[in-house]
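Visitor: Let me give you the structure first, and then I'll get to my questions.
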Amino acid sequence: MQDGFSKNSNILIVGLGLIGGSIALALKKVGYKNIYAVDINEKTLKYAWQQEIIQKTTQNTQELLRKADLVILAIYPWHAKEFLQNNLAEFKSTAVVIDTSGIKEKLLNEVHTFWRKDVDFIAIHQMAGKEQGGIENACDNLFVNTNFIVIEQETNRPENIQAVIQLAKEMQVKEIVKLSAQEHDRIIAYTSNLTHLLAVALVNSPSFSPETKSFIGGSFRDVSRVALINSNLWTQLLLANSTNVLAEIKVFKEQLELLEQAIANSATADLQELLVKANRNRGELCKK
């Protein structure tokens with residue numbers, strides 16, 4: 001893959017939900033011509049074909065895999081593992097396979113126990129999404145100005161990593177970061193896993209009731225937005241990253257206790273200091 005993927009490369013997307021569909025649309029927008037797909041939902045495939053999101057689909061997954069230069073997995077982590085195991089012999093030699101799931105270390109460790117050396121398996125995480133999933137909500141600009149993470153593995157060929165980064169640039173991502181699977185999972189436990197759990201806890205509170213609707217403003221909507229959650233997917237993600245998630249929950253509880261103590265003790269200076277620190281930290285994020 002010395003020169004990256006050409007506009008005539010055969011690209012197969014496995015899973016045409018929000019992410020898979022948006023990748024297909026984004027690649028089509030910049031001129032990729034041969035975009036194929038497989039999905040367990042025949043209605044999804046029919047919709048994607050009728051809307052010209054993809055060029056071809058078939059129930060014969062093996063047929064598409066044998067000619068695919070690039071395979072993009074946009075399915076749940078353990079479905080991805082199962083798909084790779086079941087179709088291991090069908091991948092084209094020298095093909096590149098990309099995993100887009102939100103958890104990395106456990107999946108990569110298990111895949112590498114059976115993976116082929118002549119097929120490059122590259123893990124990435126596109127930091128983009130919507131509350132509403134499905135192909136109907138896919139769009140060609142979902143990844144514009146978003147962060148794009150590439151997991152560095154010793155088994156990856158540098159030219160293939162560069163080819164994947166070039167694809168990300170063509171989709172107009174804002175920032176590309178390379179790091180290990182362990183570091184990815186540790187950080188994502190804070191920036192993504194924990195934030196989803198906070199939203200879930202907030203709206204599962206007994207205080208959440210029909211009467212509270214009249215008192216909801218922008219702050220509540222912002223904090224609770226991601227409580228519109230895909231329970232099947234997030235159960236997999238949270239349990240697979242449980243060690244890191246539990247560590248972040250502990251740290252968050254400690255921070256909440258500091259606020260609780262300051263309020264309970266009418267400690268004006270302590271409370272104000274915590275609020276000023278939060279304002280300063282959030283302000284630094286806005287500068288990036």
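Ordering of the structure tokens sets the chain letters (A, B, ...), residue numbers begin anew at 1 in every chain, and ligands are numbered from 1 in the order given.
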How close does each residue of stretch 2-85 of chain A get to stretch 139-143 of chain A, giving the shortest atom pair and distance in Å to one decimal for every residue with an atom at most 6 Å away, counting only C-alpha atoms, sorted by chain and residue number, as CSV?
Guide:
```
residue,atom,partner,partner_atom,distance
A:Ser22,CA,A:Cys139,CA,4.9
A:Leu25,CA,A:Asp140,CA,4.7
A:Ala26,CA,A:Asp140,CA,4.3
```
Visitor: Since we have the selection now, will you write its residues out, keeping C-alpha atoms, as a PDB file, in the first residue's frame?
Guide:
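Listing of selection_0.pdb after writing:
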```pdb
ATOM      1  CA  SER A  22     -21.341   7.885   7.403  1.00  0.00           C
ATOM      2  CA  LEU A  25     -20.976   8.678   2.442  1.00  0.00           C
ATOM      3  CA  ALA A  26     -17.782  10.516   3.399  1.00  0.00           C
TER       4      ALA A  26
END
```
Visitor: Select from stretch 24-205 of chain A everything DSSP, run on the backbone, classes as strand (DSSP E or B), then give the selection as a ChimeraX atom specification.
Guide: /A:34-38,56-57,70-73,96-99,120-127,147-151,175-179
Visitor: Using only N, CA and C atoms, please write the residues we just selected to a file, as a tab-separated table (two decimals), in the first residue's frame.
Guide:
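Contents of result.tsv, freshly written:
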```
chain	number	residue	atom	x	y	z
A	34	ASN	N	-15.74	2.44	-5.54
A	34	ASN	CA	-16.14	1.05	-5.33
A	34	ASN	C	-16.37	0.77	-3.85
A	35	ILE	N	-17.52	1.19	-3.36
A	35	ILE	CA	-17.86	1.03	-1.94
A	35	ILE	C	-18.95	-0.02	-1.82
A	36	TYR	N	-18.64	-1.12	-1.17
A	36	TYR	CA	-19.56	-2.22	-0.99
A	36	TYR	C	-19.90	-2.36	0.49
A	37	ALA	N	-20.90	-3.16	0.79
A	37	ALA	CA	-21.29	-3.32	2.19
A	37	ALA	C	-21.98	-4.65	2.43
A	38	VAL	N	-21.87	-5.10	3.67
A	38	VAL	CA	-22.66	-6.22	4.16
A	38	VAL	C	-23.27	-5.80	5.49
A	56	LYS	N	-22.68	-1.75	-4.31
A	56	LYS	CA	-23.08	-3.15	-4.45
A	56	LYS	C	-23.20	-3.79	-3.09
A	57	THR	N	-24.12	-4.73	-2.98
A	57	THR	CA	-24.18	-5.59	-1.82
A	57	THR	C	-24.63	-6.97	-2.27
A	70	LEU	N	-9.69	-2.92	1.16
A	70	LEU	CA	-9.89	-2.34	2.49
A	70	LEU	C	-11.21	-2.83	3.05
A	71	VAL	N	-11.18	-3.35	4.27
A	71	VAL	CA	-12.39	-3.79	4.96
A	71	VAL	C	-12.53	-2.95	6.22
A	72	ILE	N	-13.67	-2.30	6.38
A	72	ILE	CA	-13.92	-1.44	7.53
A	72	ILE	C	-15.00	-2.07	8.38
A	73	LEU	N	-14.64	-2.45	9.61
A	73	LEU	CA	-15.59	-3.06	10.53
A	73	LEU	C	-16.27	-1.97	11.35
A	96	VAL	N	-6.10	-4.51	3.96
A	96	VAL	CA	-6.07	-3.78	5.22
A	96	VAL	C	-7.46	-3.89	5.84
A	97	VAL	N	-7.51	-4.27	7.12
A	97	VAL	CA	-8.78	-4.36	7.85
A	97	VAL	C	-8.75	-3.33	8.96
A	98	ILE	N	-9.78	-2.50	9.03
A	98	ILE	CA	-9.87	-1.46	10.05
A	98	ILE	C	-11.00	-1.78	11.02
A	99	ASP	N	-10.70	-1.72	12.30
A	99	ASP	CA	-11.73	-1.84	13.34
A	99	ASP	C	-12.03	-0.46	13.89
A	120	ASP	N	-3.21	-6.80	7.23
A	120	ASP	CA	-2.90	-5.82	8.27
A	120	ASP	C	-4.17	-5.40	8.99
A	121	PHE	N	-4.20	-5.61	10.30
A	121	PHE	CA	-5.36	-5.27	11.12
A	121	PHE	C	-5.04	-3.99	11.89
A	122	ILE	N	-5.72	-2.91	11.55
A	122	ILE	CA	-5.45	-1.59	12.13
A	122	ILE	C	-6.66	-1.13	12.93
A	123	ALA	N	-6.41	-0.75	14.16
A	123	ALA	CA	-7.49	-0.29	15.04
A	123	ALA	C	-7.51	1.24	15.08
A	124	ILE	N	-8.69	1.79	14.86
A	124	ILE	CA	-8.85	3.24	14.94
A	124	ILE	C	-10.09	3.55	15.78
A	125	HIS	N	-10.22	4.79	16.20
A	125	HIS	CA	-11.42	5.21	16.90
A	125	HIS	C	-11.76	6.62	16.43
A	126	GLN	N	-12.84	6.73	15.70
A	126	GLN	CA	-13.30	8.02	15.23
A	126	GLN	C	-14.20	8.63	16.30
A	127	MET	N	-13.80	9.77	16.82
A	127	MET	CA	-14.52	10.37	17.95
A	127	MET	C	-15.68	11.21	17.42
A	147	ASN	N	-11.95	14.37	16.29
A	147	ASN	CA	-10.67	13.73	16.59
A	147	ASN	C	-10.65	12.30	16.06
A	148	PHE	N	-9.47	11.86	15.64
A	148	PHE	CA	-9.31	10.54	15.02
A	148	PHE	C	-8.11	9.86	15.67
A	149	ILE	N	-8.35	8.72	16.27
A	149	ILE	CA	-7.31	8.01	17.02
A	149	ILE	C	-6.86	6.77	16.26
A	150	VAL	N	-5.56	6.61	16.14
A	150	VAL	CA	-4.97	5.42	15.52
A	150	VAL	C	-4.18	4.67	16.59
A	151	ILE	N	-4.47	3.38	16.74
A	151	ILE	CA	-3.77	2.56	17.72
A	151	ILE	C	-2.50	1.99	17.09
A	175	GLU	N	-8.02	16.45	14.23
A	175	GLU	CA	-6.77	16.07	14.87
A	175	GLU	C	-6.60	14.56	14.83
A	176	ILE	N	-5.40	14.12	14.51
A	176	ILE	CA	-5.09	12.69	14.45
A	176	ILE	C	-4.07	12.38	15.53
A	177	VAL	N	-4.39	11.40	16.38
A	177	VAL	CA	-3.54	11.03	17.51
A	177	VAL	C	-3.18	9.56	17.39
A	178	LYS	N	-1.91	9.23	17.62
A	178	LYS	CA	-1.47	7.84	17.64
A	178	LYS	C	-1.04	7.47	19.06
A	179	LEU	N	-1.53	6.36	19.55
A	179	LEU	CA	-1.18	5.90	20.89
A	179	LEU	C	-1.44	4.41	21.01
```
Visitor: When you look at A:Leu65 with a cut-off of 8 Å (counting only C-alpha atoms), what residues show up, excluding the ones that are within fewer than 3 positions of it in the same chain? I need them as a tab-separated table (two decimals) with all heavy atoms, in the first residue's frame.
Guide:
```tsv
chain	number	residue	atom	x	y	z
A	12	LEU	N	-14.90	-2.47	1.40
A	12	LEU	CA	-16.05	-3.19	1.95
A	12	LEU	C	-16.31	-2.71	3.37
A	12	LEU	O	-15.43	-2.76	4.23
A	12	LEU	CB	-15.79	-4.70	1.97
A	12	LEU	CG	-16.85	-5.56	2.67
A	12	LEU	CD1	-18.21	-5.42	1.99
A	12	LEU	CD2	-16.43	-7.02	2.74
A	61	THR	N	-20.94	-12.78	1.39
A	61	THR	CA	-19.90	-11.96	2.02
A	61	THR	C	-18.52	-12.36	1.53
A	61	THR	O	-17.65	-11.50	1.30
A	61	THR	CB	-19.96	-12.11	3.55
A	61	THR	OG1	-21.25	-11.69	4.00
A	61	THR	CG2	-18.89	-11.28	4.22
A	62	GLN	N	-18.30	-13.64	1.35
A	62	GLN	CA	-16.99	-14.14	0.93
A	62	GLN	C	-16.58	-13.56	-0.43
A	62	GLN	O	-15.41	-13.22	-0.65
A	62	GLN	CB	-16.99	-15.67	0.86
A	62	GLN	CG	-17.05	-16.36	2.22
A	62	GLN	CD	-18.42	-16.24	2.88
A	62	GLN	OE1	-19.44	-16.12	2.19
A	62	GLN	NE2	-18.45	-16.27	4.20
A	68	ALA	N	-11.73	-7.29	-1.70
A	68	ALA	CA	-11.66	-6.03	-0.97
A	68	ALA	C	-10.21	-5.67	-0.62
A	68	ALA	O	-9.50	-6.44	0.02
A	68	ALA	CB	-12.50	-6.10	0.29
A	71	VAL	N	-11.18	-3.35	4.27
A	71	VAL	CA	-12.39	-3.79	4.96
A	71	VAL	C	-12.53	-2.95	6.22
A	71	VAL	O	-11.60	-2.88	7.03
A	71	VAL	CB	-12.33	-5.29	5.33
A	71	VAL	CG1	-13.60	-5.71	6.05
A	71	VAL	CG2	-12.10	-6.14	4.09
A	90	GLU	N	-10.98	-15.82	4.07
A	90	GLU	CA	-11.51	-15.16	2.88
A	90	GLU	C	-10.86	-13.81	2.57
A	90	GLU	O	-11.00	-13.30	1.47
A	90	GLU	CB	-13.02	-14.95	3.03
A	90	GLU	CG	-13.80	-16.21	3.37
A	90	GLU	CD	-13.63	-17.31	2.33
A	90	GLU	OE1	-13.37	-16.98	1.15
A	90	GLU	OE2	-13.75	-18.49	2.72
A	91	PHE	N	-10.14	-13.24	3.53
A	91	PHE	CA	-9.56	-11.92	3.28
A	91	PHE	C	-8.49	-12.00	2.19
A	91	PHE	O	-7.67	-12.91	2.17
A	91	PHE	CB	-8.94	-11.35	4.56
A	91	PHE	CG	-9.96	-10.96	5.59
A	91	PHE	CD1	-10.28	-11.82	6.63
A	91	PHE	CD2	-10.60	-9.73	5.52
A	91	PHE	CE1	-11.22	-11.47	7.59
A	91	PHE	CE2	-11.54	-9.36	6.48
A	91	PHE	CZ	-11.85	-10.24	7.51
A	92	LYS	N	-8.50	-11.02	1.34
A	92	LYS	CA	-7.50	-10.91	0.29
A	92	LYS	C	-6.12	-10.69	0.90
A	92	LYS	O	-5.97	-9.88	1.82
A	92	LYS	CB	-7.87	-9.73	-0.61
A	92	LYS	CG	-6.91	-9.42	-1.74
A	92	LYS	CD	-7.41	-8.20	-2.51
A	92	LYS	CE	-6.43	-7.81	-3.60
A	92	LYS	NZ	-6.93	-6.61	-4.35
```
Visitor: I need the alpha helix (DSSP H) residues of stretch 99-219 of chain A per DSSP on the backbone, written as a PyMOL selection string.
Guide: chain A and resi 105-111+158-170+181-188+194-203+218-219
Visitor: Neighbours of A:Thr113 within 12 Å (only C-alpha atoms; same-chain residues fewer than 5 positions away dropped), as a PDB file with C-alpha atoms, in the first residue's frame?
Guide:
```pdb
ATOM      1  CA  LYS A  81     -14.151 -10.652  16.605  1.00  0.00           C
ATOM      2  CA  LEU A  84     -12.990 -11.996  11.710  1.00  0.00           C
ATOM      3  CA  GLN A  85     -12.814 -15.557  12.999  1.00  0.00           C
ATOM      4  CA  LYS A 106      -9.157  -6.660  24.963  1.00  0.00           C
ATOM      5  CA  LEU A 107     -10.311  -6.951  21.358  1.00  0.00           C
ATOM      6  CA  LEU A 108      -6.816  -6.635  19.902  1.00  0.00           C
TER       7      LEU A 108
END
```
Visitor: Excluding A:Gly133 and any residue of its chain fewer than 3 positions from it, enumerate the residues within 7 Å of it, using only C-alpha atoms, and give them as a compact mmCIF listing (two decimals) with N, CA and C atoms, in the first residue's frame.
Guide:
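Result saved to selection_31.txt:
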```txt
# COMPACT_ATOMS: atom_id res chain seq x y z
N GLY A 17 -24.59 0.93 10.03
CA GLY A 17 -25.31 1.78 10.95
C GLY A 17 -24.88 3.22 10.74
N LEU A 18 -24.94 4.01 11.80
CA LEU A 18 -24.57 5.41 11.71
C LEU A 18 -23.11 5.58 11.28
N LYS A 130 -23.82 10.36 16.98
CA LYS A 130 -25.09 11.03 17.22
C LYS A 130 -25.88 10.19 18.22
N ASN A 137 -29.68 8.02 9.64
CA ASN A 137 -29.09 9.20 10.27
C ASN A 137 -27.64 9.42 9.86
```
Visitor: Hey, what's within 12 Å of stretch 219-223 of chain A if we count only C-alpha atoms and toss same-chain stuff fewer than 6 positions away? As a count of residues only, please?
Guide: 13
Visitor: Mind checking which residues fall within 12 Å of A:Ser231, counting only C-alpha atoms, ignoring those fewer than 3 positions away in the same chain, and posting them as a list of chain:residue names?
Guide: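 Once the nearby chain positions are removed, what remains is A:Tyr76, A:Glu131, A:Gly133, A:His196, A:Leu197, A:Val200, A:Val226, A:Ala227, A:Leu228, A:Trp234, A:Thr235, A:Gln236, A:Leu237, A:Leu238, A:Leu239.
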Visitor: Output N, CA, C and O atoms for every residue in that selection, as an mmCIF file, in the first residue's frame.
Guide:
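Result file follows (again-v1.cif):
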```
data_model
loop_
_atom_site.group_PDB
_atom_site.id
_atom_site.type_symbol
_atom_site.label_atom_id
_atom_site.label_comp_id
_atom_site.auth_asym_id
_atom_site.auth_seq_id
_atom_site.Cartn_x
_atom_site.Cartn_y
_atom_site.Cartn_z
ATOM 1 N N TYR A 76 -20.323 -4.020 16.535
ATOM 2 C CA TYR A 76 -19.973 -4.146 17.951
ATOM 3 C C TYR A 76 -18.659 -4.919 18.101
ATOM 4 O O TYR A 76 -18.356 -5.815 17.300
ATOM 5 N N GLU A 131 -26.919 10.791 18.792
ATOM 6 C CA GLU A 131 -27.782 10.029 19.683
ATOM 7 C C GLU A 131 -28.613 9.016 18.888
ATOM 8 O O GLU A 131 -28.899 7.919 19.356
ATOM 9 N N GLY A 133 -29.014 6.416 16.001
ATOM 10 C CA GLY A 133 -28.196 5.572 15.144
ATOM 11 C C GLY A 133 -28.920 5.186 13.872
ATOM 12 O O GLY A 133 -29.994 5.704 13.552
ATOM 13 N N HIS A 196 -20.912 9.092 29.676
ATOM 14 C CA HIS A 196 -22.166 8.381 29.392
ATOM 15 C C HIS A 196 -22.804 7.865 30.676
ATOM 16 O O HIS A 196 -24.039 7.919 30.836
ATOM 17 N N LEU A 197 -21.980 7.366 31.586
ATOM 18 C CA LEU A 197 -22.515 6.874 32.856
ATOM 19 C C LEU A 197 -23.120 8.012 33.681
ATOM 20 O O LEU A 197 -24.148 7.829 34.345
ATOM 21 N N VAL A 200 -26.513 8.716 32.312
ATOM 22 C CA VAL A 200 -27.440 7.642 32.701
ATOM 23 C C VAL A 200 -27.871 7.821 34.155
ATOM 24 O O VAL A 200 -29.065 7.732 34.491
ATOM 25 N N VAL A 226 -26.320 12.317 26.091
ATOM 26 C CA VAL A 226 -25.850 10.986 25.716
ATOM 27 C C VAL A 226 -26.536 9.863 26.497
ATOM 28 O O VAL A 226 -26.170 8.693 26.342
ATOM 29 N N ALA A 227 -27.510 10.203 27.320
ATOM 30 C CA ALA A 227 -28.315 9.150 27.958
ATOM 31 C C ALA A 227 -29.218 8.468 26.927
ATOM 32 O O ALA A 227 -29.762 7.393 27.193
ATOM 33 N N LEU A 228 -29.376 9.072 25.758
ATOM 34 C CA LEU A 228 -30.048 8.403 24.639
ATOM 35 C C LEU A 228 -29.052 7.390 24.080
ATOM 36 O O LEU A 228 -28.397 7.608 23.068
ATOM 37 N N TRP A 234 -23.229 -0.258 24.509
ATOM 38 C CA TRP A 234 -22.539 0.309 25.661
ATOM 39 C C TRP A 234 -22.340 -0.693 26.782
ATOM 40 O O TRP A 234 -21.403 -0.568 27.574
ATOM 41 N N THR A 235 -23.175 -1.697 26.877
ATOM 42 C CA THR A 235 -22.917 -2.776 27.836
ATOM 43 C C THR A 235 -21.606 -3.471 27.488
ATOM 44 O O THR A 235 -20.771 -3.744 28.363
ATOM 45 N N GLN A 236 -21.392 -3.748 26.203
ATOM 46 C CA GLN A 236 -20.145 -4.362 25.760
ATOM 47 C C GLN A 236 -18.947 -3.469 26.052
ATOM 48 O O GLN A 236 -17.926 -3.912 26.592
ATOM 49 N N LEU A 237 -19.060 -2.198 25.706
ATOM 50 C CA LEU A 237 -17.938 -1.277 25.868
ATOM 51 C C LEU A 237 -17.550 -1.102 27.332
ATOM 52 O O LEU A 237 -16.363 -1.139 27.690
ATOM 53 N N LEU A 238 -18.546 -0.916 28.194
ATOM 54 C CA LEU A 238 -18.270 -0.658 29.609
ATOM 55 C C LEU A 238 -17.692 -1.877 30.316
ATOM 56 O O LEU A 238 -16.766 -1.754 31.129
ATOM 57 N N LEU A 239 -18.219 -3.049 30.011
ATOM 58 C CA LEU A 239 -17.707 -4.258 30.655
ATOM 59 C C LEU A 239 -16.318 -4.617 30.153
ATOM 60 O O LEU A 239 -15.465 -5.087 30.919
#
```
Visitor: Between A:Val144, A:Ile229, A:Val111, A:Leu88, which is the closest to A:Ala168 once you count only C-alpha atoms?
Guide: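 When distances to A:Ala168 are compared using only C-alpha atoms, the smallest one comes from A:Val144.
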Visitor: So, with only C-alpha atoms as the atoms that count, which of A:Thr243, A:Ile135, A:Arg282, A:Asn265 lies closest to A:Ala24?
Guide: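 With only C-alpha atoms as the atom set, the closest residue is A:Ile135.
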Visitor: In Å to one decimal, how far is atom CA of A:Pro77 from atom CA of A:Thr155?
Guide: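 Interatomic distance here is 19.8 Å.
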Visitor: Could you check how far atom CA of A:Phe114 sits from atom CA of A:Ala80, in Å to one decimal?
Guide: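 Separating atom CA of A:Phe114 from atom CA of A:Ala80 is a distance of 13.4 Å.
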